[in-house]
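Below you'll find the structure, written out as C-alpha cells, and then a few comments.
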Amino acid sequence: PALWRSGQPPCRTHADVCPAIGKNARVSAAVPPPLAATSAASPPPTSLPAGVSPDREVMFRARVARWWPDLVNGLRMAYGDERAGALGADLVELAGAAFAARSDRLHVRDLERMLRPDWLQDPSMVGYAAYTERFAGDLRGVADHLPYLDELGVRYLHLMPLLRPREGDSDGGYAVADYRSVRADLGSMDDLEHLAARLHDAGMSLVLDLVLNHVAREHEWAVKARAGDPTYREYFHVFPDRDMPDAYEATLPEVFPDFAPGNFTWDEDLQGWVWTTFNEFQWDVNWSNPAVLREYASIILDLANRGVDVLRLDAIAFLWKRLGTDCQGEPEVHALTQVLRAVTRIACPAVAFKAEAIVAPTKLLPYLGTGAYSGKVSDLAYHNSLMVHVWSMLASQDVRLAAHALGSLPPKPTTATWLTYLRCHDDIGWAIMDEDAGAVGLSGHAHRSFLWHWYAGDHFGSPARGLVFQYNRETDDGRTSGTAASLIGLQSAGSAAEVESAAAALRLANAMVLGWGGIPVIWSGDELGQPNDPRWALEPGHGDDNRWAHRPRLDWERAEHRHDRTTTAGRVFGDLVELVRARGSLVHLHGSVETQIAPVDDPGVLVTVREHPVGRFVGVYNVTPQWRMWPGWRVNELGVADAVDRITGDALPWGGDGNVWLPPFAVLWLTT
Ligand code: GLC
C-alpha cells in the first residue's frame, strides 16, 4: 500500500520515551571505507559442485571476482568487518550450487542479458500485472492467454503473490507460509517453471513478488519460534514487554491504521510482542540476523532457477529497524540489497530486482542507487510520484504542482529504470510533499484532502467513483481505492459526451505513463476500462480491505469487444495498443534518458522533454477538458514546429494565430 505518510507522528526522540536507551539514537550511516588488506579483500577459494564444465567454471570464477567487492562491502556495512568475510564465502558457496544447478536455457539467458544490460530500458518493454486466478484461473490458464498479452505488446508479466500463503486472509498473498511451493489452486512449482519457459519463448519476462519484510505467522520459521526454538525466535523481533515497542512506536507511522493499528502484536505462544508492521499475521523478519539473509538468498536463487526474471522486493523500505527513526530506508536496506544483487549476479545475472518503496519522493532515489550504491542495488523502482501527480493534475486541471514536484526530482542513475504506472493492486496514497505544494502556493494538507475527496466522488463536479482507504483520524489523511476507469469518470459517464471525455482523459493519463520512459505496467482490467468490482466485499477475508474493489476478475466477455471502438472496452484497449506501438518505435523513450519538464506556459498543459542522442522528444499533455493554447514561439524554440504526432501521424494543430491549439485532453508525442 501507500506507505508514505504525510502526517508523521510527532517527532519526539526515543530518549523522551525511554531514557535508558537514549544512547542508541540514530547511528550514523557511513558507507564502509575501501577494504583494508584483510582476508575479505579477495574472493574465497570456492569449490563448485562436481559436473560443472571447465568453461562454466571459468565463467563462475570471473563473476565471483567481479562481484566479490560488492558482496563483501555490503556485508561489512550491515554486519561489521569481522563477520563479512565468512558470510560472503558462505553466500558464494550457495551461489555456486545454484549456478551448477541452473539449466542450459537459463545460462543462455544470463549470457544474453550480460550482453544487453539495458534490456529493461528498451522502449518496447511494456508490463502487465495481474492476479493469476483473477486473470486466468491458474498458471496453465495464464499460458493459454499469452496471445492476448502479446496483442497488448506485453513483454513483462508480473503475477501477484502466488507462493503458498497462509489460509484465510493473507493480504492478497503477501503473508507467505512457504516460499518453496505454489498456491495449490494455481498449480505447482513445475507449472510455474513451465509457464516461465512459455513466457520466455514468447519474448516475455516473468516477474514475481519476493515478500522479504515479513512472513505469515504460519510460516515454518514462525511456527518453530512459537514452539520455543530459540534459533527461530531470533528470526523475528520479539520483545518481552512494552518498553521497546513503545520506544519504537514514538517515531513509527502506521501502515494500516484502520484495520491493523500499531506495529507490534502480542503473541501468546511467544509470550512476547512481535513486530508486525502490516497485519497482525505478518511477522517482520529480523534482517540484523545474517541467518535471515542467507534464507532469502537461497529462496531467490531457487526462484531464479525456476525461470523468474524479475523479483519485486516487497516493502523493501522496512527491512532494517533503528530506534528513533521511522524504520524506513535505513542505509542497511541498501547494503543488504547490494549483497543480494551481488549473489544473483554471480549465479544468475539474468535476474533483476525491482524495489517496491512507496516513500516520499525525496527518499526514493537511494533504492535505485545513490552515492556508493549507485548501480549496485535495484534495477527498477516504482515511480510513485508520477502516478500521484498524474491523478492530481487531472483532478485539479492544473499542471503547476506536478511540474514543480516532478521537475525537482534529482536524476536517477542512467542504468536504473523507472517503473511507471497509473494504477496497481494497491491504494493511492497522496504523496504530495508540503514543500512542493508550498512552492506553488498550495497547502499540502488541503490539496491531499481535495484529492481523496475528489476521487471518492464527494467533491462538487467530480465524476470519480473511488473509495476511501485507511482514513486516519489522527492525521486526517485518506487514501484512495478504485480502478482507473472508475476514478477517471468512465464508470459514472452517462451521455456519449461524458464517455468521450472520460475516455480521452484515460488516453491522456496512459500517454503520460507510457511517454515518461521506463517500463509502463498496466494493471489488469484497466486495459478494458473495467469499473470497480461491486461485489468486492463479499469474498471471504476481503470485507475490510476495499483495495479489492480495484482487483476485479478480468472480464473476458468484455475483452471480446476489444476490437470494436464503439464500445468502451474497444476504445480504451485500442487507444492503449496505439500508444504501445508508437512507444516501441521511439528510441527516445529508452529508459536511460531523463525526462525533464519544460517551463509551464499554460497551467493546463504539461510539456516534457527528453534529450536522446538521436534527437529530442517532446510530450505535450492538455490535462483539461477545454481547448488550450501552446504558444507558437515555444514550439519553435523546442524545434518541433514541423514535427508530426508520433502516435497518430497527424501534423501539429496550428491555429491561424500562429499558436498550436490543443483539443480537450490532447496528447502529442513529437520528435526532432
Ligand atoms: C506491499 C504490497 C501490499 C501489501 C504490503 C505488505 O506494499 O504492495 O499490497 O499489503 O506490501 O506485504
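In the C-alpha cells, the first chain shown is A, the next is B, and so on; residue numbers restart at 1 for each chain, and ligands run from 1 in the order shown.
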
Please identify every polymer residue within 6 Å of ligand 1, using only C-alpha atoms and all ligand atoms, and present the set as a ChimeraX atom specification.
/A:1,171,174,278,314-315,426

Using DSSP on the backbone coordinates, identify all residues within stretch 328-533 of chain A classified as alpha helix (DSSP H); present the result as a ChimeraX atom specification.
/A:331-347,361-364,384-396,400-407,434-439,444-455,484-488,496-514

Tell me, counting only C-alpha atoms, for each residue of stretch 309-411 of chain A within 8 Å of stretch 101-120 of chain A, which pair of atoms is nearest and how far apart they are in Å to one decimal, in rows ordered by chain and increasing number, as a Markdown table.
```
| residue | atom | partner | partner_atom | distance |
| --- | --- | --- | --- | --- |
| A:Cys348 | CA | A:Asp110 | CA | 6.2 |
| A:Pro349 | CA | A:Asp110 | CA | 5.3 |
| A:Ala350 | CA | A:Asp110 | CA | 4.3 |
| A:Val351 | CA | A:Asp110 | CA | 7.9 |
```

Could you go through stretch 440-557 of chain A and tell me which residues DSSP, when run on the backbone, assigns to strand (DSSP E), listing them as a ChimeraX atom specification?
/A:467-472,477-481,519-523

Serialized selection, N, CA, C and O atoms, as an mmCIF file, in the first residue's frame:
```cif
data_model
loop_
_atom_site.group_PDB
_atom_site.id
_atom_site.type_symbol
_atom_site.label_atom_id
_atom_site.label_comp_id
_atom_site.auth_asym_id
_atom_site.auth_seq_id
_atom_site.Cartn_x
_atom_site.Cartn_y
_atom_site.Cartn_z
ATOM 1 N N LEU A 467 -13.073 4.787 -3.609
ATOM 2 C CA LEU A 467 -13.428 4.545 -2.212
ATOM 3 C C LEU A 467 -12.299 5.080 -1.335
ATOM 4 O O LEU A 467 -11.146 5.083 -1.757
ATOM 5 N N VAL A 468 -12.662 5.500 -0.136
ATOM 6 C CA VAL A 468 -11.623 6.000 0.773
ATOM 7 C C VAL A 468 -10.999 4.813 1.493
ATOM 8 O O VAL A 468 -11.707 3.984 2.072
ATOM 9 N N PHE A 469 -9.674 4.730 1.449
ATOM 10 C CA PHE A 469 -8.950 3.625 2.079
ATOM 11 C C PHE A 469 -8.180 4.141 3.283
ATOM 12 O O PHE A 469 -7.492 5.162 3.189
ATOM 13 N N GLN A 470 -8.310 3.460 4.426
ATOM 14 C CA GLN A 470 -7.496 3.724 5.623
ATOM 15 C C GLN A 470 -7.520 5.193 6.060
ATOM 16 O O GLN A 470 -6.471 5.816 6.201
ATOM 17 N N TYR A 471 -8.735 5.732 6.225
ATOM 18 C CA TYR A 471 -8.811 7.098 6.740
ATOM 19 C C TYR A 471 -8.138 7.141 8.115
ATOM 20 O O TYR A 471 -8.391 6.283 8.974
ATOM 21 N N ASN A 472 -7.257 8.078 8.290
ATOM 22 C CA ASN A 472 -6.531 8.209 9.562
ATOM 23 C C ASN A 472 -7.044 9.448 10.305
ATOM 24 O O ASN A 472 -6.796 10.572 9.897
ATOM 25 N N ASP A 477 -5.868 12.059 7.144
ATOM 26 C CA ASP A 477 -5.394 11.664 5.813
ATOM 27 C C ASP A 477 -6.252 10.529 5.297
ATOM 28 O O ASP A 477 -6.574 9.615 6.045
ATOM 29 N N GLY A 478 -6.540 10.561 4.023
ATOM 30 C CA GLY A 478 -7.250 9.441 3.412
ATOM 31 C C GLY A 478 -6.497 8.975 2.193
ATOM 32 O O GLY A 478 -5.713 9.730 1.611
ATOM 33 N N ARG A 479 -6.690 7.736 1.827
ATOM 34 C CA ARG A 479 -6.100 7.203 0.607
ATOM 35 C C ARG A 479 -7.235 6.741 -0.298
ATOM 36 O O ARG A 479 -8.399 6.851 0.066
ATOM 37 N N THR A 480 -6.906 6.253 -1.490
ATOM 38 C CA THR A 480 -7.960 6.007 -2.469
ATOM 39 C C THR A 480 -7.842 4.637 -3.112
ATOM 40 O O THR A 480 -6.761 4.244 -3.528
ATOM 41 N N SER A 481 -8.968 3.933 -3.197
ATOM 42 C CA SER A 481 -9.042 2.703 -3.977
ATOM 43 C C SER A 481 -9.941 2.955 -5.180
ATOM 44 O O SER A 481 -10.825 3.822 -5.126
ATOM 45 N N ILE A 519 9.575 1.295 -17.657
ATOM 46 C CA ILE A 519 8.619 0.253 -18.047
ATOM 47 C C ILE A 519 7.230 0.645 -17.554
ATOM 48 O O ILE A 519 7.000 0.707 -16.349
ATOM 49 N N PRO A 520 6.304 0.909 -18.477
ATOM 50 C CA PRO A 520 4.938 1.173 -18.029
ATOM 51 C C PRO A 520 4.244 -0.154 -17.740
ATOM 52 O O PRO A 520 4.326 -1.084 -18.534
ATOM 53 N N VAL A 521 3.591 -0.253 -16.604
ATOM 54 C CA VAL A 521 2.911 -1.502 -16.264
ATOM 55 C C VAL A 521 1.404 -1.248 -16.165
ATOM 56 O O VAL A 521 0.957 -0.367 -15.428
ATOM 57 N N ILE A 522 0.679 -2.045 -16.930
ATOM 58 C CA ILE A 522 -0.785 -1.910 -16.980
ATOM 59 C C ILE A 522 -1.379 -2.817 -15.913
ATOM 60 O O ILE A 522 -1.002 -3.993 -15.808
ATOM 61 N N TRP A 523 -2.274 -2.288 -15.124
ATOM 62 C CA TRP A 523 -2.935 -3.102 -14.101
ATOM 63 C C TRP A 523 -4.133 -3.811 -14.735
ATOM 64 O O TRP A 523 -4.960 -3.169 -15.390
#
```

Selection: 8 Å around A:His334, only C-alpha atoms, excl. self and same-chain fewer than 2 positions, as a PyMOL selection string:
chain A and resi 329-332+336-338+366-367+369+373+377

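With only C-alpha atoms taken into account, the protein and nucleic acid residues at most 10 Å from A:Gln530 (excluding it and anything under 2 positions from it in its own chain) are Thr483, Ala484, Ala485, Ser486, Leu490, Gln491, Ser524, Gly525, Asp526, Glu527, Leu528, Asn532, Asp533, His550, Arg551, Pro552, Arg553, Leu554, Asp555, Arg558, Ala559, Thr568, Ala569 and Val572 of chain A.
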
Emit the selected residues as a PDB file, in the first residue's frame, including N, CA and C atoms.
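Produced file result_17.pdb, reproduced below:
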```
ATOM      1  N   THR A 483     -10.552   1.433  -9.669  1.00  0.00           N
ATOM      2  CA  THR A 483      -9.891   1.144 -10.950  1.00  0.00           C
ATOM      3  C   THR A 483      -9.678   2.460 -11.695  1.00  0.00           C
ATOM      4  N   ALA A 484      -8.823   2.430 -12.694  1.00  0.00           N
ATOM      5  CA  ALA A 484      -8.568   3.640 -13.477  1.00  0.00           C
ATOM      6  C   ALA A 484      -9.876   4.178 -14.057  1.00  0.00           C
ATOM      7  N   ALA A 485     -10.704   3.274 -14.600  1.00  0.00           N
ATOM      8  CA  ALA A 485     -11.946   3.711 -15.249  1.00  0.00           C
ATOM      9  C   ALA A 485     -12.893   4.355 -14.243  1.00  0.00           C
ATOM     10  N   SER A 486     -12.953   3.787 -13.036  1.00  0.00           N
ATOM     11  CA  SER A 486     -13.866   4.347 -12.043  1.00  0.00           C
ATOM     12  C   SER A 486     -13.362   5.679 -11.517  1.00  0.00           C
ATOM     13  N   LEU A 490     -15.185   7.071 -16.156  1.00  0.00           N
ATOM     14  CA  LEU A 490     -15.846   6.219 -17.153  1.00  0.00           C
ATOM     15  C   LEU A 490     -17.020   5.459 -16.546  1.00  0.00           C
ATOM     16  N   GLN A 491     -16.882   5.104 -15.259  1.00  0.00           N
ATOM     17  CA  GLN A 491     -17.962   4.340 -14.625  1.00  0.00           C
ATOM     18  C   GLN A 491     -19.230   5.179 -14.507  1.00  0.00           C
ATOM     19  N   SER A 524      -4.184  -5.119 -14.537  1.00  0.00           N
ATOM     20  CA  SER A 524      -5.168  -5.976 -15.201  1.00  0.00           C
ATOM     21  C   SER A 524      -6.597  -5.440 -15.093  1.00  0.00           C
ATOM     22  N   GLY A 525      -7.248  -5.345 -16.222  1.00  0.00           N
ATOM     23  CA  GLY A 525      -8.619  -4.851 -16.274  1.00  0.00           C
ATOM     24  C   GLY A 525      -8.663  -3.412 -16.742  1.00  0.00           C
ATOM     25  N   ASP A 526      -7.622  -2.642 -16.425  1.00  0.00           N
ATOM     26  CA  ASP A 526      -7.607  -1.235 -16.841  1.00  0.00           C
ATOM     27  C   ASP A 526      -7.485  -1.102 -18.356  1.00  0.00           C
ATOM     28  N   GLU A 527      -6.932  -2.123 -19.006  1.00  0.00           N
ATOM     29  CA  GLU A 527      -6.807  -2.046 -20.473  1.00  0.00           C
ATOM     30  C   GLU A 527      -8.166  -2.151 -21.149  1.00  0.00           C
ATOM     31  N   LEU A 528      -9.172  -2.588 -20.381  1.00  0.00           N
ATOM     32  CA  LEU A 528     -10.520  -2.706 -20.949  1.00  0.00           C
ATOM     33  C   LEU A 528     -11.458  -1.691 -20.310  1.00  0.00           C
ATOM     34  N   ASN A 532     -14.943  -0.610 -10.967  1.00  0.00           N
ATOM     35  CA  ASN A 532     -14.777  -1.283  -9.669  1.00  0.00           C
ATOM     36  C   ASN A 532     -15.651  -2.528  -9.616  1.00  0.00           C
ATOM     37  N   ASP A 533     -15.187  -3.502  -8.873  1.00  0.00           N
ATOM     38  CA  ASP A 533     -15.955  -4.724  -8.685  1.00  0.00           C
ATOM     39  C   ASP A 533     -17.002  -4.456  -7.600  1.00  0.00           C
ATOM     40  N   HIS A 550     -10.670  -2.651  -6.667  1.00  0.00           N
ATOM     41  CA  HIS A 550      -9.979  -2.447  -7.944  1.00  0.00           C
ATOM     42  C   HIS A 550      -9.134  -3.656  -8.349  1.00  0.00           C
ATOM     43  N   ARG A 551      -9.522  -4.799  -7.839  1.00  0.00           N
ATOM     44  CA  ARG A 551      -8.852  -6.040  -8.252  1.00  0.00           C
ATOM     45  C   ARG A 551      -9.899  -6.991  -8.842  1.00  0.00           C
ATOM     46  N   PRO A 552     -10.647  -6.527  -9.842  1.00  0.00           N
ATOM     47  CA  PRO A 552     -11.727  -7.366 -10.365  1.00  0.00           C
ATOM     48  C   PRO A 552     -11.177  -8.558 -11.144  1.00  0.00           C
ATOM     49  N   ARG A 553     -12.001  -9.570 -11.310  1.00  0.00           N
ATOM     50  CA  ARG A 553     -11.633 -10.647 -12.237  1.00  0.00           C
ATOM     51  C   ARG A 553     -11.643 -10.071 -13.642  1.00  0.00           C
ATOM     52  N   LEU A 554     -10.718 -10.513 -14.476  1.00  0.00           N
ATOM     53  CA  LEU A 554     -10.731  -9.980 -15.832  1.00  0.00           C
ATOM     54  C   LEU A 554     -12.022 -10.423 -16.501  1.00  0.00           C
ATOM     55  N   ASP A 555     -12.705  -9.473 -17.107  1.00  0.00           N
ATOM     56  CA  ASP A 555     -14.000  -9.744 -17.725  1.00  0.00           C
ATOM     57  C   ASP A 555     -13.755 -10.154 -19.181  1.00  0.00           C
ATOM     58  N   ARG A 558     -16.138  -8.904 -21.826  1.00  0.00           N
ATOM     59  CA  ARG A 558     -15.821  -7.528 -22.188  1.00  0.00           C
ATOM     60  C   ARG A 558     -14.650  -7.517 -23.169  1.00  0.00           C
ATOM     61  N   ALA A 559     -13.680  -8.401 -22.901  1.00  0.00           N
ATOM     62  CA  ALA A 559     -12.474  -8.439 -23.743  1.00  0.00           C
ATOM     63  C   ALA A 559     -12.821  -8.782 -25.188  1.00  0.00           C
ATOM     64  N   THR A 568     -16.803   0.849 -24.929  1.00  0.00           N
ATOM     65  CA  THR A 568     -15.805   1.438 -24.020  1.00  0.00           C
ATOM     66  C   THR A 568     -14.551   0.574 -23.995  1.00  0.00           C
ATOM     67  N   ALA A 569     -14.762  -0.754 -23.899  1.00  0.00           N
ATOM     68  CA  ALA A 569     -13.603  -1.655 -23.856  1.00  0.00           C
ATOM     69  C   ALA A 569     -12.747  -1.467 -25.108  1.00  0.00           C
ATOM     70  N   VAL A 572     -10.842   1.959 -25.095  1.00  0.00           N
ATOM     71  CA  VAL A 572      -9.711   2.022 -24.158  1.00  0.00           C
ATOM     72  C   VAL A 572      -8.581   1.113 -24.639  1.00  0.00           C
TER      73      VAL A 572
END
```

Between A:Ala493, A:Ala78, A:Leu186, A:Ile647, which is the closest to A:Asp575 once you count only C-alpha atoms?
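That would be A:Ile647, the residue with the smallest distance to A:Asp575.
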
List the neighbours of A:Ala381 out to 7 Å using only C-alpha atoms; skip same-chain residues closer than 3 positions along the sequence, and give me the result as a ChimeraX atom specification.
/A:354-356,368,417-419

Gap from atom CA of A:Val635 to atom CA of A:Gly658 - Å, one decimal:
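These atoms are spaced 10.1 Å apart.
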
Selection near A:Asp398, 6 Å with only C-alpha atoms, sequence-local residues under 5 positions removed, as an MDAnalysis selection string:
chainID A and resid 393 603:604

Shell of 8 Å around A:Asp602, only C-alpha atoms, local chain residues under 4 positions omitted, as a list in words
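Near neighbours after the sequence-gap exclusion: Arg628, Met629 and Trp630 of chain A.
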
Separation of atom CA of A:Gly584 and atom CA of A:His425, in Å?
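Between these atoms lies a distance of 25.4 Å.
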
Pick out the closest residue to A:Ala196 from this set: A:Asp267, A:Asp309, A:Asp564, A:Glu578. Count only C-alpha atoms.
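Closest to A:Ala196, using only C-alpha atoms: A:Asp309.
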
Do you have, as a tab-separated table, the list of residues of stretch 530-607 of chain A lying at most 10 Å from stretch 666-669 of chain A, each with its nearest atom pair and that distance in Å to one decimal, counting only C-alpha atoms and ordered by chain then number?
```
residue	atom	partner	partner_atom	distance
A:Leu579	CA	A:Trp669	CA	9.8
A:Ala582	CA	A:Trp669	CA	9.0
A:Arg583	CA	A:Trp669	CA	9.3
A:Leu586	CA	A:Trp669	CA	9.7
A:Val605	CA	A:Ala666	CA	9.3
A:Leu606	CA	A:Val667	CA	9.8
A:Val607	CA	A:Leu668	CA	9.4
```

Hey, can you check how far atom CA of A:Asp144 sits from atom CA of A:His194?
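Atom-to-atom, atom CA of A:Asp144 and atom CA of A:His194 are spaced 12.1 Å apart.
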
Pick out the closest residue to A:Thr624 from this set: A:Ala651, A:Leu662, A:Val126, A:Ala446. Count only C-alpha atoms.
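Distance minimum relative to A:Thr624 lands on A:Leu662.
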